[in-house]
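For reference, input.txt is printed below; it contains compact mmCIF, C-alpha atoms.
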# COMPACT_ATOMS: atom_id res chain seq x y z
CA MET R 11 70.53 -28.36 195.66
CA PHE R 12 73.24 -31.02 195.53
CA ILE R 13 74.78 -31.43 192.06
CA ASP R 14 77.09 -34.36 191.36
CA GLU R 15 77.17 -34.28 187.55
CA LEU R 16 77.39 -31.54 184.93
CA THR R 17 79.11 -30.48 181.70
CA LEU R 18 81.34 -27.40 181.44
CA HIS R 19 82.95 -25.76 178.41
CA PHE R 20 86.59 -24.70 178.77
CA LYS R 21 88.72 -22.66 176.40
CA ALA R 22 92.43 -21.97 176.79
CA GLY R 23 93.72 -18.54 175.81
CA ARG R 24 94.79 -17.50 172.32
CA GLY R 25 98.42 -16.55 171.90
CA GLY R 26 99.29 -12.91 171.38
CA ASP R 27 100.35 -11.69 167.94
CA GLY R 28 103.91 -11.01 166.89
CA VAL R 29 104.44 -7.45 165.63
CA VAL R 30 106.43 -5.52 163.06
CA ARG R 31 108.53 -2.84 164.73
CA TRP R 32 111.78 -1.05 163.90
CA ARG R 33 114.77 0.27 165.75
CA HIS R 34 115.27 3.93 164.94
CA GLU R 35 118.66 5.62 164.65
CA LYS R 36 119.44 9.22 164.01
CA GLY R 37 119.35 10.05 160.34
CA LYS R 38 117.66 6.78 159.37
CA ASP R 39 114.02 5.85 158.95
CA HIS R 40 114.72 2.50 160.56
CA ALA R 41 117.87 0.57 161.20
CA GLY R 42 116.51 -2.92 161.75
CA PRO R 43 113.66 -5.06 163.02
CA SER R 44 112.74 -4.94 166.70
CA GLY R 45 109.25 -6.48 166.78
CA GLY R 46 108.76 -8.85 169.72
CA ASN R 47 106.91 -12.14 169.90
CA GLY R 48 103.40 -12.49 171.29
CA GLY R 49 102.81 -14.02 174.71
CA LYS R 50 101.46 -17.52 175.21
CA GLY R 51 97.74 -17.92 175.92
CA GLY R 52 96.61 -18.91 179.41
CA ASP R 53 96.08 -22.57 180.36
CA VAL R 54 93.07 -24.23 182.00
CA TYR R 55 93.64 -26.21 185.21
CA ALA R 56 91.43 -28.15 187.62
CA ILE R 57 92.15 -28.16 191.35
CA ALA R 58 90.63 -30.48 193.95
CA VAL R 59 89.02 -28.87 197.02
CA ARG R 60 87.24 -30.19 200.11
CA ASP R 61 83.79 -28.96 199.13
CA VAL R 62 81.35 -31.56 197.81
CA GLY R 63 78.81 -28.85 197.07
CA ILE R 64 80.95 -26.61 194.89
CA LEU R 65 79.51 -27.96 191.63
CA SER R 66 76.30 -26.14 192.52
CA SER R 67 78.11 -22.84 191.98
CA TYR R 68 78.47 -23.71 188.28
CA ARG R 69 74.75 -24.13 187.63
CA ASN R 70 74.46 -20.78 185.86
CA VAL R 71 78.02 -20.39 184.59
CA LYS R 72 78.98 -23.16 182.19
CA GLU R 73 81.78 -21.55 180.13
CA PHE R 74 85.29 -20.58 181.22
CA GLU R 75 88.01 -19.02 179.10
CA ALA R 76 91.65 -18.35 179.98
CA GLY R 77 93.28 -15.02 179.15
CA ARG R 78 94.70 -14.08 175.76
CA GLY R 79 98.44 -13.58 175.50
CA GLU R 80 99.55 -10.00 174.95
CA ASP R 81 100.90 -8.89 171.60
CA GLY R 82 104.61 -8.30 171.21
CA ALA R 83 106.06 -4.79 171.34
CA LYS R 84 108.99 -2.75 170.08
CA ASN R 85 112.54 -3.23 171.30
CA LEU R 86 112.09 -7.03 171.16
CA ARG R 87 109.67 -7.04 174.09
CA GLN R 88 107.63 -10.23 174.29
CA GLY R 89 103.97 -10.02 175.22
CA ALA R 90 102.89 -11.22 178.66
CA THR R 91 101.40 -14.68 179.09
CA GLY R 92 97.61 -14.80 179.33
CA LYS R 93 95.96 -15.43 182.70
CA ASP R 94 95.33 -19.08 183.57
CA VAL R 95 91.91 -20.34 184.63
CA LEU R 96 91.75 -22.52 187.76
CA ILE R 97 88.52 -24.51 188.10
CA LYS R 98 87.76 -25.68 191.64
CA LEU R 99 86.19 -29.14 191.77
CA PRO R 100 85.41 -31.46 194.69
CA ILE R 101 87.81 -34.23 195.64
CA GLY R 102 86.55 -37.36 193.92
CA SER R 103 85.63 -35.63 190.65
CA ARG R 104 86.11 -37.50 187.40
CA LEU R 105 86.63 -35.28 184.36
CA THR R 106 86.17 -36.60 180.84
CA ASN R 107 87.18 -34.62 177.76
CA MET R 108 84.16 -35.13 175.51
CA SER R 109 86.24 -34.61 172.37
CA SER R 110 89.11 -37.01 173.09
CA GLY R 111 87.47 -39.31 175.64
CA TYR R 112 90.43 -38.82 178.01
CA SER R 113 89.49 -39.03 181.69
CA ILE R 114 91.26 -37.97 184.87
CA ASP R 115 90.30 -38.31 188.55
CA LEU R 116 90.97 -35.78 191.30
CA LEU R 117 91.73 -37.81 194.42
CA GLN R 118 93.97 -35.61 196.60
CA ASP R 119 93.29 -32.32 198.35
CA ASN R 120 94.79 -29.39 196.39
CA GLU R 121 95.72 -31.70 193.52
CA GLN R 122 96.10 -29.56 190.40
CA VAL R 123 96.00 -30.96 186.86
CA PRO R 124 96.29 -29.26 183.45
CA LEU R 125 93.27 -29.68 181.21
CA LEU R 126 93.89 -27.45 178.19
CA HIS R 127 96.96 -25.61 176.91
CA GLY R 128 96.99 -22.03 175.71
CA GLY R 129 98.07 -21.22 172.16
CA ARG R 130 101.65 -20.17 171.46
CA GLY R 131 102.41 -16.55 170.71
CA GLY R 132 103.06 -15.27 167.20
CA LEU R 133 106.52 -14.28 165.98
CA GLY R 134 107.68 -10.67 165.62
CA ASN R 135 109.59 -9.45 162.57
CA GLU R 136 112.95 -9.64 164.38
CA HIS R 137 112.60 -13.43 164.32
CA PHE R 138 112.74 -13.43 160.52
CA LYS R 139 115.93 -11.39 160.23
CA GLY R 140 118.70 -13.14 158.32
CA SER R 141 121.66 -12.52 156.06
CA THR R 142 119.37 -12.33 153.05
CA ASN R 143 116.53 -10.57 154.80
CA MET R 144 117.91 -7.74 156.89
CA ARG R 145 114.63 -5.82 157.10
CA PRO R 146 111.84 -8.39 157.33
CA LYS R 147 108.31 -7.07 157.29
CA GLU R 148 106.56 -10.28 158.22
CA SER R 149 105.16 -11.43 161.53
CA THR R 150 102.74 -14.18 162.57
CA LEU R 151 99.51 -14.27 164.51
CA GLY R 152 99.07 -16.04 167.81
CA VAL R 153 97.63 -19.57 167.80
CA LEU R 154 94.22 -20.41 169.22
CA GLY R 155 94.20 -22.24 172.55
CA GLU R 156 92.73 -25.72 173.03
CA GLU R 157 88.98 -25.92 173.57
CA ALA R 158 86.72 -28.72 174.78
CA LYS R 159 83.66 -29.66 176.78
CA PHE R 160 84.28 -31.69 179.92
CA HIS R 161 81.77 -33.98 181.56
CA ILE R 162 82.30 -33.85 185.31
CA GLU R 163 80.90 -36.42 187.71
CA LEU R 164 81.49 -36.65 191.42
CA LEU R 165 82.26 -40.00 193.02
CA LEU R 166 82.15 -39.46 196.77
CA ILE R 167 85.19 -40.53 198.77
CA VAL R 168 83.89 -41.61 202.18
CA ASP R 169 84.70 -44.15 204.87
CA LEU R 170 81.27 -45.73 205.13
CA GLY R 171 78.61 -45.92 202.44
CA ILE R 172 75.11 -46.67 203.75
CA ILE R 173 73.27 -48.75 201.15
CA GLY R 174 70.03 -50.67 200.83
CA LEU R 175 66.67 -50.75 199.12
CA PRO R 176 64.40 -47.70 199.34
CA ASN R 177 62.93 -47.06 202.78
CA ALA R 178 65.46 -49.35 204.47
CA GLY R 179 66.24 -46.87 207.26
CA LYS R 180 69.49 -45.48 205.82
CA SER R 181 68.69 -41.83 206.48
CA SER R 182 67.56 -42.60 210.01
CA LEU R 183 70.81 -44.43 210.72
CA LEU R 184 72.86 -41.49 209.42
CA ASN R 185 70.85 -39.00 211.48
CA ILE R 186 71.23 -41.07 214.66
CA PHE R 187 75.01 -41.30 214.55
CA THR R 188 75.96 -37.96 212.98
CA SER R 189 74.79 -34.37 212.94
CA ALA R 190 73.27 -34.88 209.49
CA GLN R 191 69.66 -33.89 209.01
CA SER R 192 68.74 -36.13 206.12
CA LYS R 193 65.05 -36.08 205.23
CA VAL R 194 63.16 -39.13 206.50
CA GLY R 195 59.83 -40.52 205.31
CA ASP R 196 57.88 -43.77 205.37
CA PHE R 197 57.73 -44.07 201.58
CA PRO R 198 60.29 -45.06 198.90
CA PHE R 199 62.74 -42.58 197.38
CA THR R 200 62.47 -40.03 200.18
CA THR R 201 66.20 -39.43 199.70
CA LEU R 202 67.03 -38.11 196.24
CA GLU R 203 70.63 -37.09 196.84
CA PRO R 204 73.53 -38.39 198.98
CA SER R 205 73.77 -36.99 202.50
CA LEU R 206 77.02 -36.86 204.48
CA GLY R 207 77.76 -37.04 208.19
CA ASN R 208 80.75 -37.31 210.51
CA PHE R 209 80.92 -39.91 213.27
CA TYR R 210 84.09 -39.32 215.31
CA GLY R 211 86.18 -38.85 212.19
CA LEU R 212 84.40 -41.47 210.07
CA ILE R 213 82.75 -39.83 207.07
CA MET R 214 79.46 -41.57 206.36
CA ALA R 215 77.26 -41.19 203.28
CA ASP R 216 73.63 -42.16 202.89
CA ILE R 217 73.47 -43.48 199.32
CA PRO R 218 69.90 -43.13 197.93
CA GLY R 219 67.92 -46.35 197.57
CA LEU R 220 68.82 -48.88 194.92
CA ILE R 221 66.30 -51.11 193.21
CA GLU R 222 66.47 -54.21 191.06
CA GLY R 223 67.72 -53.15 187.63
CA ALA R 224 69.65 -50.13 188.95
CA ALA R 225 72.86 -51.30 187.25
CA LYS R 226 71.03 -50.99 183.92
CA GLY R 227 69.83 -47.50 184.73
CA LYS R 228 66.46 -48.32 186.26
CA GLY R 229 65.24 -45.98 188.97
CA LEU R 230 68.09 -43.76 190.14
CA GLY R 231 70.48 -46.12 188.34
CA HIS R 232 74.11 -45.20 187.78
CA LYS R 233 73.57 -41.75 189.27
CA PHE R 234 74.19 -43.12 192.76
CA LEU R 235 75.85 -46.48 192.17
CA ARG R 236 79.03 -44.63 191.22
CA HIS R 237 79.17 -43.03 194.67
CA ILE R 238 79.77 -46.48 196.15
CA GLU R 239 82.90 -47.11 194.05
CA ARG R 240 85.27 -45.28 196.39
CA THR R 241 83.76 -46.02 199.79
CA LYS R 242 86.09 -47.96 202.06
CA ALA R 243 83.34 -50.10 203.58
CA LEU R 244 79.58 -50.54 203.39
CA ILE R 245 76.75 -50.52 205.92
CA HIS R 246 73.99 -52.54 204.28
CA CYS R 247 70.60 -51.66 205.74
CA ILE R 248 67.76 -54.16 205.42
CA SER R 249 64.32 -53.29 206.72
CA SER R 250 62.54 -55.74 208.99
CA GLU R 251 59.45 -54.97 206.90
CA ASN R 252 60.87 -57.24 204.16
CA GLU R 253 59.34 -60.70 204.42
CA ASP R 254 62.38 -62.17 202.67
CA THR R 255 65.39 -60.37 204.10
CA LEU R 256 67.84 -62.57 202.21
CA GLN R 257 66.23 -61.64 198.91
CA ALA R 258 66.40 -57.95 199.83
CA TYR R 259 70.10 -58.41 200.59
CA ARG R 260 70.79 -60.25 197.34
CA VAL R 261 68.99 -57.69 195.16
CA VAL R 262 71.29 -54.90 196.30
CA ARG R 263 74.45 -57.03 196.23
CA ASN R 264 73.63 -58.21 192.73
CA GLU R 265 73.18 -54.66 191.45
CA LEU R 266 76.51 -53.62 192.95
CA GLU R 267 78.35 -56.46 191.24
CA LEU R 268 76.56 -55.94 187.91
CA TYR R 269 77.65 -52.31 187.97
CA ASN R 270 81.24 -53.11 188.93
CA LYS R 271 82.44 -56.62 189.77
CA ASP R 272 85.05 -55.19 192.13
CA MET R 273 82.23 -54.10 194.44
CA LYS R 274 82.04 -57.62 195.88
CA MET R 275 85.47 -57.07 197.41
CA LYS R 276 84.28 -54.20 199.60
CA SER R 277 83.99 -54.84 203.31
CA GLU R 278 80.45 -54.85 204.63
CA VAL R 279 78.36 -54.98 207.79
CA ILE R 280 74.61 -55.69 207.75
CA VAL R 281 72.13 -53.72 209.84
CA LEU R 282 68.62 -55.10 210.23
CA THR R 283 66.55 -51.96 210.83
CA LYS R 284 63.12 -51.28 212.34
CA VAL R 285 63.36 -54.38 214.54
CA ASP R 286 60.81 -52.88 216.96
CA ILE R 287 58.08 -54.27 214.68
CA LEU R 288 59.34 -57.85 215.14
CA THR R 289 58.63 -60.41 217.82
CA LYS R 290 61.55 -62.02 219.59
CA GLU R 291 61.18 -65.16 217.49
CA GLU R 292 61.06 -63.17 214.25
CA LYS R 293 64.22 -61.27 215.20
CA GLU R 294 66.08 -64.50 215.87
CA LYS R 295 64.91 -66.05 212.61
CA LYS R 296 65.91 -63.08 210.44
CA LEU R 297 69.22 -62.67 212.28
CA LYS R 298 70.07 -66.33 211.72
CA LEU R 299 69.30 -66.11 207.99
CA LEU R 300 71.40 -62.98 207.45
CA LYS R 301 74.37 -64.43 209.32
CA LYS R 302 74.53 -67.13 206.67
CA VAL R 303 75.79 -64.49 204.19
CA ASN R 304 77.65 -62.22 206.61
CA PRO R 305 78.72 -62.85 210.23
CA ASN R 306 78.57 -59.12 211.02
CA VAL R 307 74.87 -58.44 211.53
CA PHE R 308 73.43 -55.84 213.91
CA LEU R 309 69.88 -55.15 215.01
CA LEU R 310 68.73 -51.54 215.10
CA SER R 311 65.70 -49.49 215.98
CA ILE R 312 65.52 -45.74 216.48
CA LEU R 313 63.30 -46.54 219.50
CA ASP R 314 65.85 -48.77 221.23
CA ASP R 315 68.70 -46.87 222.91
CA LYS R 316 70.49 -50.08 223.84
CA LEU R 317 70.74 -51.27 220.21
CA ILE R 318 71.83 -47.79 219.10
CA LYS R 319 74.55 -47.76 221.74
CA GLU R 320 75.78 -51.24 220.75
CA PHE R 321 76.14 -50.38 217.07
CA GLY R 322 77.64 -46.99 217.90
CA LYS R 323 80.26 -48.71 220.05
CA TYR R 324 81.07 -51.01 217.15
CA LEU R 325 81.42 -48.08 214.73
CA SER R 326 83.62 -46.10 217.10
CA ALA R 327 86.04 -49.02 217.24
CA GLN R 328 86.57 -49.00 213.49
CA ALA R 329 90.05 -47.59 212.99
CA GLY R 330 91.09 -49.88 210.15
CA LEU R 331 87.78 -50.36 208.37
CA THR R 332 88.84 -52.84 205.73
CA LYS R 333 90.55 -55.03 208.31
CA THR R 334 87.62 -55.15 210.72
CA PHE R 335 84.59 -55.43 208.43
CA LYS R 336 84.35 -58.87 206.91
CA SER R 337 82.49 -59.68 203.70
Represent the structure from my file as structure tokens, please.
Amino acid sequence: MFIDELTLHFKAGRGGDGVVRWRHEKGKDHAGPSGGNGGKGGDVYAIAVRDVGILSSYRNVKEFEAGRGEDGAKNLRQGATGKDVLIKLPIGSRLTNMSSGYSIDLLQDNEQVPLLHGGRGGLGNEHFKGSTNMRPKESTLGVLGEEAKFHIELLLIVDLGIIGLPNAGKSSLLNIFTSAQSKVGDFPFTTLEPSLGNFYGLIMADIPGLIEGAAKGKGLGHKFLRHIERTKALIHCISSENEDTLQAYRVVRNELELYNKDMKMKSEVIVLTKVDILTKEEKEKKLKLLKKVNPNVFLLSILDDKLIKEFGKYLSAQAGLTKTFKS
């Protein structure tokens, strides 16, 4: 099961306690303080990894705690620092501290960021020694580490995002050009989670179907709109089954821009799918209409090897996606 959103509870380590200890000399009960300080508690870090499915491993484990710092010891020995916790998260994760509202994005492979700091260690009695207090008997306890819940959401980082209304042929397109095995059906919302594929180095993602009102949370809503934020370019699939292909195009474009106005700046190519159901005249009419909003329009049918080859040739030529695709 693909998971792209969850909440985890993190707790940094408590600092170790300072201790009361004494140096012993022959003939004396104790000659002076020698209690060491406690060690610092462990920190909590997040690290970005190339595994979009790793969030699934946290389904049954929602709490993580760093190690406690060791207590101080005699002869001024300081306690060891507590063990850090390193949380592996997929590249593209956005983490939001639910207490402070602070957010951070993981965008680079092996990027490591601190989330919570461990508590400082307590002070041993040697720390309190002074000219007026030669034999201090006080020490302090270690401090609790920081603690917070983090909301984690994955925003896929891919080269090409395949978008469109439900049942627009997105999964079929992904399956044709990559080794993906996305589920395909002739009814809406067959795809309930993003599917990824690789086409000669281009990472493609089938973004589940959007509907009118998605930007306001209708249907699958924001759950999948956010995955489009970081795609470099878009393949906009429009089914030939739509009587008004321009309206189908505008519905999706409008939802993208309502969700994030910067979406309109993304490069895009239109693919009119399932063209095998059209007559020659119908193909020409729909093609002409779509080219009014975007000059890059391709016809596609899983039953037509020639059309598949033509679009595949176009995709394979995309080295600089944002330069080649025109909005």
Hey, could you make a per-residue contact list for stretch 146-176 of chain R against stretch 86-110 of chain R with 10 Å as the cut-off, showing the nearest pair of atoms and its distance in Å to one decimal, counting only C-alpha atoms, sorted by chain and number, as CSV?
residue,atom,partner,partner_atom,distance
R:Glu157,CA,R:Ser109,CA,9.2
R:Ala158,CA,R:Ser109,CA,6.4
R:Lys159,CA,R:Met108,CA,5.6
R:Phe160,CA,R:Asn107,CA,4.7
R:His161,CA,R:Thr106,CA,5.2
R:Ile162,CA,R:Leu105,CA,4.7
R:Glu163,CA,R:Arg104,CA,5.3
R:Leu164,CA,R:Ser103,CA,4.3
R:Leu165,CA,R:Gly102,CA,5.1
R:Leu166,CA,R:Gly102,CA,5.6
R:Ile167,CA,R:Gly102,CA,6.0
R:Val168,CA,R:Gly102,CA,9.7
From R:Asn208, R:Asn70, R:Asn185, R:Ser44, residue lying nearest R:Leu133 [only C-alpha atoms]: R:Ser44
Radius query 9 Å about (100.3, -19.6, 175.0), atoms used: only C-alpha atoms, as a PyMOL selection string: chain R and resi 22-26+48-53+78-79+91-92+127-131+152-155
Pairwise distance for atom CA of R:Ile217 and atom CA of R:Glu121, rounded to one decimal in Å: 25.8 Å
Best match for closeness to R:Arg240 among R:Leu18, R:Val303, R:Val30, R:Leu117, counting all atoms listed in the file: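 The shortest atom-to-atom distance to R:Arg240 comes from R:Leu117.
Nearest to R:Gly45 of all the residues R:Pro146, R:Gly82, R:Gly322, R:Gly171 is R:Gly82, based on all atoms listed in the file.
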Selected residue, from R:Val71, R:Leu16, R:Leu310, R:Ile57, that lies nearest to R:Asp286 when counting only C-alpha atoms: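 Nearest candidate to R:Asp286 out of R:Val71, R:Leu16, R:Leu310, R:Ile57: R:Leu310.
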Residue nearest R:Gly174 - candidates R:Gly77, R:Gly111, R:Gly28, R:Pro218, atoms counted: all atoms listed in the file: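 Nearest candidate to R:Gly174 out of R:Gly77, R:Gly111, R:Gly28, R:Pro218: R:Pro218.
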Non-local contacts of R:Asp314 (12 Å; only C-alpha atoms; under 4 positions in same chain excluded) as a ChimeraX atom specification: /R:186,283-287,309-310,318-321
Selection near R:Trp32, 10 Å with only C-alpha atoms, sequence-local residues under 3 positions removed, as a ChimeraX atom specification: /R:29,35,39-45,84-86,135-136,145-147
